[in-house]
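Student: Below: one structure in structure tokens.
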Amino acid sequence: SQQGEEDPQALSIQEGENATMNCSYKTSINNLQWYRQNSGRGLVHLILIRSNEREKHSGRLRVTLDTSKKSSSLLITASRAADTASYFCATDGGTGTASKLTFGTGTRLQVTL
Amino acid sequence: NAGVTQTPKFQVLKTGQSMTLQCAQDMNHEYMSWYRQDPGMGLRLIHYSVGAGITDQGEVPNGYNVSRSTTEDFPLRLLSAAPSQTSVYFCASSYRPASQRSPLHFGNGTRLTVT
């Protein structure tokens, strides 16, 4: 079964707006990662947040983590057409499953001009 | 650096045929894994390896075999293809396992159709 579930499944915004995607997961984690997938391509790592961190920034990306609610959010500010892609969260499942990275079902983001 | 290279890019098989999906990485990564991606299902882990000579099952291992004789290569074998194995297959590698904060590097995938 999927460890992570993204919400919403699809999101359409205009260029310049902010996009927020949410991820919920089921078990304890050591870290949570976000990936982007452009159509027809492999996934690309965006950002990693550790379980003892609450917020992390990378350029126009901001990730938050709430381990008490088992949830994370990815915010893309001032979106561009090039941000059009699917976004996935991934978790390591915590102690005992340290070698497995489990992905959610993804959010499809469409940024229009 | 080529990164993670998957071949072939596309493949059509008939039910019952066997084939091997190739995956090679040139980053000296210890950890390698295979995922399949189906619409609405996200990515599901098939098999993974934490080093040469060591493999383990993921979430959906049935119908697939793997081996890891070298650090660089991690082939995925379909023993007897079934229509349910129609999917896009991704190979990924990382320097360390997921819990050690090591991001995955993905190949561009193999799109497999089984008729």
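Ligands are numbered from 1 in the order shown, chains are lettered A, B, ... in the order of the structure tokens, and residues start at 1 in each chain.
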Could you please select, counting only C-alpha atoms, the residues of chain A within 12 Å of chain B and state them as a VMD selection string?

Tutor: chain A and resid 1 to 6 9 to 10 28 to 51 86 to 108

Student: Would you pick out the contacts of Leu74 in chain A at 9 Å or less, using only C-alpha atoms, so that residues sharing its chain but fewer than 5 positions from it are not included, and give the list as a list in words?

Tutor: Ala19, Thr20, Met21, Asn22, Cys23, Trp34, Leu61, Arg62, Val63, Thr64 and Cys89 of chain A

Student: Got time to write the residues from that selection, all heavy atoms, as a PDB file, in the first residue's frame?

Tutor:
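Writing the result to again_0.pdb gives the following:
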ATOM      1  N   ALA A  19       1.638  27.657  -5.589  1.00  0.00           N
ATOM      2  CA  ALA A  19       1.032  26.320  -5.626  1.00  0.00           C
ATOM      3  C   ALA A  19       1.378  25.590  -4.337  1.00  0.00           C
ATOM      4  O   ALA A  19       2.553  25.555  -3.940  1.00  0.00           O
ATOM      5  CB  ALA A  19       1.549  25.530  -6.814  1.00  0.00           C
ATOM      6  N   THR A  20       0.381  25.019  -3.704  1.00  0.00           N
ATOM      7  CA  THR A  20       0.596  24.256  -2.467  1.00  0.00           C
ATOM      8  C   THR A  20       0.088  22.837  -2.646  1.00  0.00           C
ATOM      9  O   THR A  20      -1.048  22.625  -3.074  1.00  0.00           O
ATOM     10  CB  THR A  20      -0.141  24.902  -1.280  1.00  0.00           C
ATOM     11  OG1 THR A  20       0.365  26.227  -1.085  1.00  0.00           O
ATOM     12  CG2 THR A  20       0.103  24.095  -0.007  1.00  0.00           C
ATOM     13  N   MET A  21       0.949  21.897  -2.334  1.00  0.00           N
ATOM     14  CA  MET A  21       0.597  20.483  -2.396  1.00  0.00           C
ATOM     15  C   MET A  21       0.824  19.870  -1.019  1.00  0.00           C
ATOM     16  O   MET A  21       1.770  20.245  -0.323  1.00  0.00           O
ATOM     17  CB  MET A  21       1.473  19.755  -3.415  1.00  0.00           C
ATOM     18  CG  MET A  21       1.159  20.147  -4.833  1.00  0.00           C
ATOM     19  SD  MET A  21       2.544  19.839  -5.936  1.00  0.00           S
ATOM     20  CE  MET A  21       3.278  21.454  -5.966  1.00  0.00           C
ATOM     21  N   ASN A  22      -0.037  18.943  -0.660  1.00  0.00           N
ATOM     22  CA  ASN A  22       0.037  18.318   0.651  1.00  0.00           C
ATOM     23  C   ASN A  22       0.291  16.827   0.531  1.00  0.00           C
ATOM     24  O   ASN A  22      -0.090  16.190  -0.452  1.00  0.00           O
ATOM     25  CB  ASN A  22      -1.270  18.553   1.413  1.00  0.00           C
ATOM     26  CG  ASN A  22      -1.585  20.016   1.552  1.00  0.00           C
ATOM     27  OD1 ASN A  22      -0.864  20.765   2.192  1.00  0.00           O
ATOM     28  ND2 ASN A  22      -2.682  20.451   0.921  1.00  0.00           N
ATOM     29  N   CYS A  23       0.931  16.303   1.551  1.00  0.00           N
ATOM     30  CA  CYS A  23       1.258  14.875   1.581  1.00  0.00           C
ATOM     31  C   CYS A  23       0.961  14.349   2.974  1.00  0.00           C
ATOM     32  O   CYS A  23       1.367  14.963   3.967  1.00  0.00           O
ATOM     33  CB  CYS A  23       2.740  14.693   1.243  1.00  0.00           C
ATOM     34  SG  CYS A  23       3.405  13.052   1.584  1.00  0.00           S
ATOM     35  N   TRP A  34      10.695  15.272  -1.492  1.00  0.00           N
ATOM     36  CA  TRP A  34       9.806  15.656  -2.588  1.00  0.00           C
ATOM     37  C   TRP A  34      10.557  15.532  -3.915  1.00  0.00           C
ATOM     38  O   TRP A  34      11.733  15.907  -4.008  1.00  0.00           O
ATOM     39  CB  TRP A  34       9.306  17.093  -2.409  1.00  0.00           C
ATOM     40  CG  TRP A  34       8.240  17.230  -1.357  1.00  0.00           C
ATOM     41  CD1 TRP A  34       8.421  17.483  -0.019  1.00  0.00           C
ATOM     42  CD2 TRP A  34       6.827  17.127  -1.554  1.00  0.00           C
ATOM     43  NE1 TRP A  34       7.206  17.549   0.621  1.00  0.00           N
ATOM     44  CE2 TRP A  34       6.214  17.336  -0.300  1.00  0.00           C
ATOM     45  CE3 TRP A  34       6.017  16.886  -2.659  1.00  0.00           C
ATOM     46  CZ2 TRP A  34       4.827  17.300  -0.119  1.00  0.00           C
ATOM     47  CZ3 TRP A  34       4.637  16.858  -2.485  1.00  0.00           C
ATOM     48  CH2 TRP A  34       4.058  17.065  -1.225  1.00  0.00           C
ATOM     49  N   LEU A  61      11.046  27.002  -3.390  1.00  0.00           N
ATOM     50  CA  LEU A  61      10.374  25.889  -2.712  1.00  0.00           C
ATOM     51  C   LEU A  61      10.423  26.075  -1.201  1.00  0.00           C
ATOM     52  O   LEU A  61      11.443  26.471  -0.645  1.00  0.00           O
ATOM     53  CB  LEU A  61      11.044  24.553  -3.066  1.00  0.00           C
ATOM     54  CG  LEU A  61      11.178  24.200  -4.535  1.00  0.00           C
ATOM     55  CD1 LEU A  61      11.876  22.846  -4.672  1.00  0.00           C
ATOM     56  CD2 LEU A  61       9.824  24.179  -5.222  1.00  0.00           C
ATOM     57  N   ARG A  62       9.291  25.777  -0.572  1.00  0.00           N
ATOM     58  CA  ARG A  62       9.239  25.763   0.882  1.00  0.00           C
ATOM     59  C   ARG A  62       8.517  24.484   1.294  1.00  0.00           C
ATOM     60  O   ARG A  62       7.401  24.224   0.842  1.00  0.00           O
ATOM     61  CB  ARG A  62       8.503  26.984   1.414  1.00  0.00           C
ATOM     62  CG  ARG A  62       8.254  26.960   2.917  1.00  0.00           C
ATOM     63  CD  ARG A  62       7.528  28.220   3.374  1.00  0.00           C
ATOM     64  NE  ARG A  62       7.048  28.105   4.744  1.00  0.00           N
ATOM     65  CZ  ARG A  62       5.763  27.989   5.084  1.00  0.00           C
ATOM     66  NH1 ARG A  62       4.824  27.984   4.161  1.00  0.00           N
ATOM     67  NH2 ARG A  62       5.421  27.895   6.353  1.00  0.00           N
ATOM     68  N   VAL A  63       9.145  23.700   2.143  1.00  0.00           N
ATOM     69  CA  VAL A  63       8.558  22.454   2.623  1.00  0.00           C
ATOM     70  C   VAL A  63       8.353  22.555   4.124  1.00  0.00           C
ATOM     71  O   VAL A  63       9.224  23.044   4.840  1.00  0.00           O
ATOM     72  CB  VAL A  63       9.476  21.259   2.300  1.00  0.00           C
ATOM     73  CG1 VAL A  63       8.999  20.000   3.021  1.00  0.00           C
ATOM     74  CG2 VAL A  63       9.514  21.003   0.803  1.00  0.00           C
ATOM     75  N   THR A  64       7.202  22.110   4.581  1.00  0.00           N
ATOM     76  CA  THR A  64       6.941  22.012   6.016  1.00  0.00           C
ATOM     77  C   THR A  64       6.658  20.560   6.364  1.00  0.00           C
ATOM     78  O   THR A  64       6.227  19.769   5.518  1.00  0.00           O
ATOM     79  CB  THR A  64       5.749  22.881   6.434  1.00  0.00           C
ATOM     80  OG1 THR A  64       4.576  22.418   5.748  1.00  0.00           O
ATOM     81  CG2 THR A  64       6.009  24.345   6.104  1.00  0.00           C
ATOM     82  N   CYS A  89       5.653  13.022  -3.001  1.00  0.00           N
ATOM     83  CA  CYS A  89       6.374  12.918  -1.743  1.00  0.00           C
ATOM     84  C   CYS A  89       6.823  11.474  -1.564  1.00  0.00           C
ATOM     85  O   CYS A  89       6.225  10.551  -2.123  1.00  0.00           O
ATOM     86  CB  CYS A  89       5.519  13.377  -0.560  1.00  0.00           C
ATOM     87  SG  CYS A  89       4.109  12.314  -0.175  1.00  0.00           S
TER      88      CYS A  89
END

Student: Excluding range 63-77 of chain B and any residue of its chain fewer than 3 positions from it, enumerate the residues within 6 Å of it, using only C-alpha atoms, and give them as a list in words.

Tutor: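 Within the cut-off, the hits are Met19, Thr20, Leu21, Gln22, Cys23, Ala24, Gln25, Ala52 and Gly53 of chain B.
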
Student: How would the residues just picked look written out with N, CA and C atoms as a compact mmCIF listing (two decimals), in the first residue's frame?

Tutor:
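Below is the file that was written, again_23.txt:
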# COMPACT_ATOMS: atom_id res chain seq x y z
N MET B 19 12.06 -11.24 -20.70
CA MET B 19 13.02 -10.24 -21.12
C MET B 19 13.72 -9.65 -19.91
N THR B 20 14.80 -8.94 -20.18
CA THR B 20 15.57 -8.27 -19.13
C THR B 20 15.61 -6.78 -19.41
N LEU B 21 15.22 -6.00 -18.41
CA LEU B 21 15.37 -4.55 -18.47
C LEU B 21 16.73 -4.21 -17.85
N GLN B 22 17.50 -3.45 -18.59
CA GLN B 22 18.85 -3.14 -18.12
C GLN B 22 18.88 -1.80 -17.38
N CYS B 23 19.73 -1.75 -16.35
CA CYS B 23 19.94 -0.52 -15.60
C CYS B 23 21.41 -0.44 -15.22
N ALA B 24 22.03 0.69 -15.50
CA ALA B 24 23.43 0.88 -15.13
C ALA B 24 23.61 2.29 -14.59
N GLN B 25 24.46 2.42 -13.57
CA GLN B 25 24.78 3.75 -13.02
C GLN B 25 26.29 3.88 -12.90
N ALA B 52 26.43 -4.87 -3.98
CA ALA B 52 26.66 -6.02 -4.85
C ALA B 52 26.46 -7.32 -4.08
N GLY B 53 25.70 -8.22 -4.68
CA GLY B 53 25.44 -9.52 -4.08
C GLY B 53 24.28 -9.55 -3.11

Student: When distances are computed from only C-alpha atoms, which of A:Gln14, A:Arg54, A:Ala85, A:Pro8 shows the smallest separation from Thr112 in chain A?

Tutor: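 Of A:Gln14, A:Arg54, A:Ala85, A:Pro8, the one nearest Thr112 in chain A, counting only C-alpha atoms, is A:Gln14.
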
Student: Going by DSSP on the backbone, which residues of chain B come out as strand (DSSP E)? List them as a PyMOL selection string.

Tutor: chain B and resi 4-7+10-13+19-25+31-38+42-51+54-57+64-66+76-78+87-94+105-106+110-114

Student: Which polymer residues have any atom within 10 Å of an atom of Asp66 in chain A, counting only C-alpha atoms, with same-chain residues fewer than 3 positions away left out, as a VMD selection string?

Tutor: chain A and resid 24 51 to 55 69 to 73

Student: Any idea what the distance is between CA of Thr86 in chain B and CA of Thr84 in chain A?

Tutor: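 Rounded to one decimal, the two atoms are 25.9 Å apart.
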
Student: Contacts of Arg60 in chain A at 8 Å or less, counting only C-alpha atoms, minus same-chain residues fewer than 6 places along, as a ChimeraX atom specification?

Tutor: /A:75-78

Student: Give me, please, the distance in Å between CA of Thr113 in chain B and CA of Pro61 in chain B, quoted to one decimal.

Tutor: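 Straight-line distance from CA of Thr113 in chain B to CA of Pro61 in chain B works out to 18.1 Å.
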
Student: What residues in chain B get the DSSP label helix (DSSP H, G or I)? Please answer as a list in words.

Tutor: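 Across chain B, those assigned helix (DSSP H, G or I) are Pro83, Ser84, Gln85, Ala98, Ser99 and Gln100 of chain B.
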
Student: Find the distance between CA of Ala81 in chain B and CA of Ser93 in chain B and write it in Å to one decimal.

Tutor: 24.9 Å
